[in-house]
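S.K.: Just work-v4.txt, nothing more (compact mmCIF, C-alpha atoms and all ligand atoms):
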# COMPACT_ATOMS: atom_id res chain seq x y z
CA MET A 1 -178.34 -118.61 6.97
CA LYS A 2 -179.17 -116.68 10.08
CA ILE A 3 -176.71 -113.81 10.48
CA LEU A 4 -176.08 -112.12 13.81
CA ILE A 5 -173.84 -109.06 14.01
CA ALA A 6 -172.51 -108.41 17.49
CA GLU A 7 -172.02 -104.89 18.83
CA ASN A 8 -168.84 -105.88 20.66
CA MET A 9 -166.76 -108.93 21.54
CA GLU A 10 -168.62 -109.50 24.80
CA GLU A 11 -171.84 -109.91 22.85
CA PHE A 12 -170.05 -111.96 20.15
CA ASP A 13 -168.78 -114.47 22.72
CA ASN A 14 -172.13 -114.60 24.55
CA LEU A 15 -174.11 -115.21 21.34
CA GLY A 16 -171.91 -118.19 20.48
CA ALA A 17 -171.88 -119.59 24.00
CA SER A 18 -175.66 -119.40 24.34
CA ILE A 19 -176.13 -121.45 21.16
CA VAL A 20 -173.73 -124.14 22.40
CA ALA A 21 -175.31 -124.13 25.87
CA ASP A 22 -178.84 -124.40 24.45
CA VAL A 23 -177.92 -127.45 22.40
CA ILE A 24 -176.30 -129.17 25.41
CA ASN A 25 -179.04 -128.19 27.85
CA ASN A 26 -181.69 -129.56 25.46
CA LYS A 27 -179.75 -132.79 24.96
CA ASN A 28 -177.27 -133.64 27.70
CA ASP A 29 -175.57 -136.31 25.58
CA ALA A 30 -175.28 -134.12 22.48
CA THR A 31 -172.41 -134.58 20.05
CA ILE A 32 -170.55 -131.32 19.55
CA GLY A 33 -168.00 -130.59 16.85
CA PHE A 34 -165.35 -128.21 18.17
CA ALA A 35 -163.11 -125.80 16.30
CA THR A 36 -159.79 -124.20 17.15
CA GLY A 37 -158.33 -120.84 16.17
CA SER A 38 -158.30 -117.54 18.01
CA THR A 39 -161.92 -116.69 17.16
CA PRO A 40 -163.80 -119.09 19.51
CA ILE A 41 -161.50 -118.61 22.54
CA GLY A 42 -163.77 -115.99 24.14
CA MET A 43 -166.82 -118.16 23.56
CA TYR A 44 -165.04 -121.10 25.22
CA GLN A 45 -164.30 -118.88 28.22
CA LYS A 46 -168.02 -118.04 28.47
CA LEU A 47 -168.80 -121.76 28.46
CA ILE A 48 -166.30 -122.27 31.29
CA ASP A 49 -168.04 -119.44 33.20
CA MET A 50 -171.44 -121.13 32.70
CA TYR A 51 -169.96 -124.42 33.97
CA ASN A 52 -168.49 -122.67 37.04
CA ASP A 53 -171.87 -121.06 37.70
CA GLY A 54 -173.53 -124.50 37.63
CA LYS A 55 -175.54 -123.65 34.51
CA LEU A 56 -173.96 -126.16 32.15
CA SER A 57 -172.43 -129.63 32.31
CA PHE A 58 -170.34 -131.28 29.62
CA LYS A 59 -170.11 -134.66 31.31
CA ASP A 60 -172.34 -136.58 28.91
CA ILE A 61 -171.39 -134.90 25.62
CA THR A 62 -169.34 -136.53 22.89
CA THR A 63 -166.88 -134.30 21.04
CA PHE A 64 -165.21 -134.36 17.66
CA ASN A 65 -162.58 -131.84 16.69
CA LEU A 66 -162.40 -130.64 13.12
CA ASP A 67 -158.74 -131.00 12.35
CA GLU A 68 -155.17 -131.52 13.53
CA TYR A 69 -151.72 -130.62 12.25
CA VAL A 70 -149.63 -133.48 10.89
CA GLY A 71 -146.45 -134.06 12.88
CA LEU A 72 -147.35 -132.32 16.14
CA GLU A 73 -147.51 -134.44 19.27
CA LYS A 74 -150.57 -134.00 21.52
CA THR A 75 -148.30 -132.27 24.02
CA HIS A 76 -147.05 -129.67 21.50
CA ASN A 77 -148.47 -126.31 22.53
CA GLN A 78 -149.71 -125.64 18.99
CA SER A 79 -151.43 -128.98 18.50
CA TYR A 80 -155.18 -128.64 18.36
CA TYR A 81 -155.44 -131.38 20.98
CA TYR A 82 -153.44 -129.17 23.34
CA PHE A 83 -155.45 -126.09 22.37
CA MET A 84 -158.84 -127.65 23.14
CA HIS A 85 -157.69 -129.01 26.48
CA ASP A 86 -156.05 -125.73 27.43
CA LYS A 87 -158.93 -123.50 26.33
CA LEU A 88 -161.91 -125.61 27.42
CA PHE A 89 -161.77 -129.34 28.09
CA ASP A 90 -159.43 -129.26 31.12
CA LYS A 91 -161.54 -126.55 32.75
CA VAL A 92 -164.93 -128.29 32.62
CA ASP A 93 -166.36 -131.72 33.49
CA ILE A 94 -165.80 -133.24 30.08
CA ASP A 95 -165.43 -137.03 29.91
CA GLU A 96 -162.09 -137.65 28.18
CA ASN A 97 -163.40 -141.05 27.01
CA LYS A 98 -165.94 -139.21 24.86
CA VAL A 99 -163.39 -136.81 23.32
CA ASN A 100 -162.49 -137.62 19.72
CA PHE A 101 -159.46 -136.24 17.94
CA LEU A 102 -157.52 -136.90 14.81
CA SER A 103 -153.96 -137.85 15.67
CA GLY A 104 -151.35 -136.02 13.64
CA THR A 105 -148.56 -138.43 14.53
CA GLU A 106 -149.75 -141.75 13.10
CA THR A 107 -147.46 -143.26 10.48
CA ASP A 108 -150.49 -144.48 8.54
CA THR A 109 -152.41 -141.23 8.09
CA PHE A 110 -154.78 -142.88 5.65
CA ALA A 111 -155.86 -145.43 8.29
CA GLU A 112 -156.16 -142.66 10.88
CA CYS A 113 -158.47 -140.67 8.59
CA LYS A 114 -160.53 -143.78 7.84
CA ARG A 115 -160.89 -144.46 11.59
CA TYR A 116 -162.24 -140.92 12.09
CA SER A 117 -164.53 -141.02 9.05
CA ASP A 118 -166.02 -144.28 10.28
CA LEU A 119 -166.64 -142.76 13.72
CA LEU A 120 -168.29 -139.73 12.12
CA ALA A 121 -170.45 -141.95 9.96
CA ASN A 122 -171.80 -143.54 13.16
CA ASN A 123 -172.26 -140.30 15.15
CA THR A 124 -174.43 -137.41 14.03
CA ILE A 125 -172.99 -134.10 15.14
CA ASP A 126 -175.76 -132.07 16.76
CA LEU A 127 -173.83 -128.82 16.61
CA GLN A 128 -170.68 -128.10 14.66
CA ILE A 129 -168.73 -124.99 15.64
CA LEU A 130 -166.71 -123.43 12.82
CA GLY A 131 -164.30 -120.57 12.26
CA ILE A 132 -163.32 -119.44 8.80
CA GLY A 133 -159.93 -118.93 7.20
CA ALA A 134 -159.17 -115.64 5.46
CA ASN A 135 -159.27 -117.64 2.22
CA GLY A 136 -162.70 -119.10 3.07
CA HIS A 137 -161.48 -122.44 4.41
CA ILE A 138 -163.50 -124.37 6.99
CA GLY A 139 -161.63 -126.89 9.10
CA PHE A 140 -158.59 -127.22 6.87
CA ASN A 141 -160.68 -127.62 3.73
CA GLU A 142 -158.78 -125.17 1.55
CA PRO A 143 -160.13 -123.49 -1.61
CA ASN A 144 -161.11 -125.92 -4.39
CA THR A 145 -161.90 -128.77 -1.99
CA ASP A 146 -164.57 -131.12 -3.31
CA PHE A 147 -167.85 -130.67 -1.42
CA ASN A 148 -168.07 -134.47 -1.17
CA SER A 149 -164.75 -134.71 0.66
CA VAL A 150 -164.41 -136.75 3.86
CA THR A 151 -161.62 -136.88 6.47
CA ARG A 152 -158.21 -136.90 4.82
CA GLU A 153 -154.74 -135.39 4.82
CA VAL A 154 -154.48 -132.02 3.08
CA MET A 155 -151.59 -129.78 2.13
CA LEU A 156 -151.96 -126.32 3.66
CA THR A 157 -151.91 -123.34 1.31
CA GLU A 158 -149.22 -120.68 1.60
CA LYS A 159 -151.90 -118.25 2.79
CA THR A 160 -152.93 -120.54 5.66
CA ILE A 161 -149.31 -121.26 6.60
CA SER A 162 -148.52 -117.54 6.73
CA ASP A 163 -151.76 -116.72 8.61
CA ASN A 164 -151.02 -119.39 11.22
CA ALA A 165 -147.30 -118.55 11.51
CA ARG A 166 -148.16 -116.04 14.27
CA PHE A 167 -148.69 -118.96 16.64
CA PHE A 168 -145.27 -120.54 15.94
CA GLU A 169 -141.72 -119.33 16.58
CA SER A 170 -141.04 -119.12 12.87
CA ILE A 171 -142.97 -119.78 9.66
CA ASP A 172 -140.72 -122.80 9.06
CA ASP A 173 -142.19 -124.43 12.16
CA VAL A 174 -145.76 -124.40 10.77
CA PRO A 175 -146.70 -127.91 9.61
CA LYS A 176 -147.18 -128.19 5.85
CA SER A 177 -150.12 -130.55 6.08
CA ALA A 178 -153.03 -131.41 8.34
CA LEU A 179 -155.77 -133.96 8.79
CA THR A 180 -159.23 -132.50 8.50
CA MET A 181 -162.85 -133.54 8.54
CA GLY A 182 -164.25 -133.22 5.03
CA ILE A 183 -166.92 -130.83 3.81
CA ASN A 184 -169.38 -133.68 3.39
CA GLU A 185 -168.99 -134.57 7.09
CA ILE A 186 -169.29 -130.94 8.23
CA MET A 187 -172.48 -130.56 6.17
CA ALA A 188 -173.95 -133.70 7.80
CA SER A 189 -174.12 -131.84 11.15
CA LYS A 190 -177.65 -131.01 12.28
CA LYS A 191 -176.78 -127.45 13.16
CA ILE A 192 -173.75 -125.28 12.44
CA VAL A 193 -172.55 -122.09 14.11
CA LEU A 194 -169.76 -120.19 12.33
CA LEU A 195 -167.89 -117.38 14.04
CA ALA A 196 -165.80 -114.74 12.30
CA ASN A 197 -164.32 -111.51 13.49
CA GLY A 198 -161.88 -108.89 12.26
CA LYS A 199 -161.29 -107.01 9.04
CA ASN A 200 -159.11 -109.76 7.54
CA LYS A 201 -162.19 -112.01 7.42
CA ALA A 202 -164.45 -109.49 5.60
CA ASP A 203 -163.76 -110.86 2.09
CA ALA A 204 -164.19 -114.49 3.14
CA VAL A 205 -167.44 -113.61 4.97
CA TYR A 206 -168.74 -111.73 1.92
CA ASN A 207 -167.93 -114.68 -0.37
CA MET A 208 -169.50 -117.14 2.08
CA ILE A 209 -172.78 -115.21 2.37
CA ASN A 210 -173.17 -113.21 -0.85
CA GLY A 211 -170.93 -115.09 -3.26
CA GLU A 212 -171.86 -118.00 -5.48
CA VAL A 213 -171.76 -121.44 -3.92
CA SER A 214 -168.36 -122.41 -5.20
CA ALA A 215 -165.42 -124.57 -4.12
CA GLU A 216 -163.26 -121.44 -4.49
CA CYS A 217 -164.77 -120.35 -1.17
CA PRO A 218 -165.34 -123.60 0.77
CA ALA A 219 -167.51 -121.83 3.38
CA SER A 220 -170.01 -120.86 0.66
CA VAL A 221 -171.25 -124.48 0.80
CA LEU A 222 -172.98 -123.49 4.05
CA GLN A 223 -175.60 -121.67 1.95
CA LEU A 224 -176.87 -125.18 1.14
CA HIS A 225 -177.34 -126.18 4.82
CA ASN A 226 -180.73 -125.57 6.44
CA ASP A 227 -179.60 -124.61 9.95
CA VAL A 228 -176.58 -122.31 10.00
CA VAL A 229 -176.06 -119.38 12.35
CA VAL A 230 -173.24 -116.98 11.44
CA ILE A 231 -171.96 -114.74 14.23
CA LEU A 232 -169.97 -111.72 13.08
CA ASP A 233 -168.47 -108.57 14.47
CA LYS A 234 -168.93 -105.32 12.60
CA GLU A 235 -165.57 -105.51 10.84
CA SER A 236 -166.00 -109.00 9.42
CA ALA A 237 -169.56 -108.02 8.41
CA SER A 238 -168.45 -104.79 6.71
CA ARG A 239 -168.82 -106.08 3.13
CA ILE A 240 -171.98 -108.18 3.33
CA LYS A 241 -175.24 -107.08 1.76
C1 LIG B 1 -157.24 -122.61 11.32
C2 LIG B 1 -158.24 -123.71 11.62
C3 LIG B 1 -159.64 -123.30 11.25
C4 LIG B 1 -159.92 -121.91 11.80
C5 LIG B 1 -159.00 -120.92 11.15
C6 LIG B 1 -159.22 -119.48 11.58
O1 LIG B 1 -156.68 -122.68 10.06
N1 LIG B 1 -157.96 -124.94 10.96
O2 LIG B 1 -160.55 -124.25 11.78
O3 LIG B 1 -161.25 -121.56 11.55
O4 LIG B 1 -157.68 -121.29 11.50
O5 LIG B 1 -158.47 -119.18 12.71
P1 LIG B 1 -158.59 -117.87 13.55
O6 LIG B 1 -159.84 -117.99 14.35
O7 LIG B 1 -157.38 -117.85 14.42
O8 LIG B 1 -158.63 -116.74 12.59
Hey, can you dump this file as structure tokens for me?

M.R.:
Amino acid sequence: MKILIAENMEEFDNLGASIVADVINNKNDATIGFATGSTPIGMYQKLIDMYNDGKLSFKDITTFNLDEYVGLEKTHNQSYYYFMHDKLFDKVDIDENKVNFLSGTETDTFAECKRYSDLLANNTIDLQILGIGANGHIGFNEPNTDFNSVTREVMLTEKTISDNARFFESIDDVPKSALTMGINEIMASKKIVLLANGKNKADAVYNMINGEVSAECPASVLQLHNDVVVILDKESASRIK
């Protein structure tokens, strides 16, 4: 793992954006795996700035998002579909025909997950962007997920529901389950960049980098990948050795 510790959030966002931009500029039709959450928002803004400055085009890329809440329509302001369009896709020249999402509103969630798994099996992700949950989850692969897992429906842990409640009117509005890419599919990406910031991520970051490779901290599996860049701020890096 290559670990970069940013001096401030400006540097944090720029470090992430330059990795994404390098991958796309080296391969215009790259396949990029996108992540949601508050952590990558600043990086997405930097990518929009690069696009506005004529330094980056998204028109030939294919995208896959990591996960989606079950039960939220695309138009719901907390759906990850809405998030990605609001924070990045609607502001750049992305080709909507090349945007791939899990749908959280299919009655047959099993078939929906199979559809996505099959797509992933036929598309190698050149760069997967990841955040990390305070409990070490990646995507919505919660602690004790099998490393061989593929796209499926998962129940969210109480910790994740309470962490994500800040985005909803009340904790009761947070969906109880989600569809997520599996760990096996995340690990199949050629390159991975994981971003974490804030004190509440310090334990998860420590377990990911210095802990044993264990399903108790799903992100620790990244120790087994040969091209991972971890971008941290000083607070999230405060426990690592
Ligand atoms: C959600 C997402 C994860 C994300 C995590 C951290 O649970 N499913 O992909 O990494 O939240 O979010 P934040 O960046 O807001 O801390």

S.K.: Using all atoms listed in the file, can you tell me which of A:Tyr80, A:Tyr206, A:Tyr116, A:Phe89 comes closest to ligand LIG 1 (chain B)?

M.R.: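 Smallest separation from ligand LIG 1 (chain B) among the options: A:Tyr80.
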
S.K.: Report as a ChimeraX atom specification which protein, DNA and RNA residues come within 7 Å of ligand LIG 1 (chain B), using all atoms listed in the file.

M.R.: /A:35-40,66-67,130-133,138-140,160,164

S.K.: Find, counting only C-alpha atoms, the residue in A:Thr105, A:Thr31, A:Gln223, A:Asn100 that gets nearest to A:Asn210.

M.R.: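 Nearest candidate to A:Asn210 out of A:Thr105, A:Thr31, A:Gln223, A:Asn100: A:Gln223.
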
S.K.: May I have the residues within 12 Å of A:Lys114 as a list in words, using only C-alpha atoms and disregarding those fewer than 2 positions away in the same chain?

M.R.: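 Non-adjacent residues within range: Leu102, Ser103, Asp108, Thr109, Phe110, Ala111, Glu112, Tyr116, Ser117, Asp118, Leu119, Leu120, Ala121, Val150, Thr151, Arg152, Glu153, Leu179, Thr180, Met181 and Gly182 of chain A.
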
S.K.: Identify which of the residues A:Ile61, A:Val193, A:Ala204, A:Met84 lies closest to A:Ser18, counting only C-alpha atoms when measuring atom-to-atom distances.

M.R.: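 Of A:Ile61, A:Val193, A:Ala204, A:Met84, the one nearest A:Ser18, counting only C-alpha atoms, is A:Val193.
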
S.K.: Between A:Glu216, A:Asp172, A:Asp22, A:Asp233, which is the closest to A:Gly136 once you count only C-alpha atoms?

M.R.: A:Glu216

S.K.: Return the single residue from A:Met187, A:Glu169, A:Ala134, A:Ile3 that is closest to A:Ile209, with distances computed using all atoms listed in the file.

M.R.: A:Ile3

S.K.: Would you mind telling me which residue in A:Val92, A:Leu15, A:Leu127, A:Leu156 lies nearest to A:Pro175 when using all atoms listed in the file?

M.R.: A:Leu156

S.K.: Expressed in Å to a single decimal, how great is the separation between atom CA of A:Lys27 and atom CA of A:Asn197?

M.R.: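 These atoms are spaced 28.7 Å apart.
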
S.K.: What's the 12 Å shell around A:Val23, counting all atoms listed in the file, without same-chain residues fewer than 5 positions away, as a ChimeraX atom specification?

M.R.: /A:16-18,28-33,56-58,61,125-129,190-193

S.K.: Record the distance separating atom CA of A:Ala178 and atom CA of A:Glu68, expressed in Å with one decimal.

M.R.: 5.6 Å

S.K.: Please work out which residues fall within 7 Å of (-173.1, -110.3, 13.9), coordinates as given in the file, with all atoms listed in the file counting, and return them as a PDB file with C-alpha atoms, keeping the file's coordinate frame.

M.R.:
ATOM      1  CA  ILE A   3    -176.710-113.810  10.480  1.00  0.00           C
ATOM      2  CA  LEU A   4    -176.080-112.120  13.810  1.00  0.00           C
ATOM      3  CA  ILE A   5    -173.840-109.060  14.010  1.00  0.00           C
ATOM      4  CA  ALA A   6    -172.510-108.410  17.490  1.00  0.00           C
ATOM      5  CA  ILE A 231    -171.960-114.740  14.230  1.00  0.00           C
ATOM      6  CA  LEU A 232    -169.970-111.720  13.080  1.00  0.00           C
ATOM      7  CA  ASP A 233    -168.470-108.570  14.470  1.00  0.00           C
ATOM      8  CA  LYS A 234    -168.930-105.320  12.600  1.00  0.00           C
ATOM      9  CA  ALA A 237    -169.560-108.020   8.410  1.00  0.00           C
TER      10      ALA A 237
END

S.K.: What separation in Å, quoted to one decimal, exists between atom CA of A:Asn207 and atom CA of A:Asn148?

M.R.: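 So the answer is 19.8 Å.
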
S.K.: Around stretch 39-54 of chain A, with edges along x, y and z and 5 Å added on all six sides, what centre and edge lengths do you get, in Å to one decimal, as AutoDock Vina command-line options?

M.R.:
--center_x -167.5 --center_y -120.2 --center_z 27.4 --size_x 22.0 --size_y 18.5 --size_z 30.5
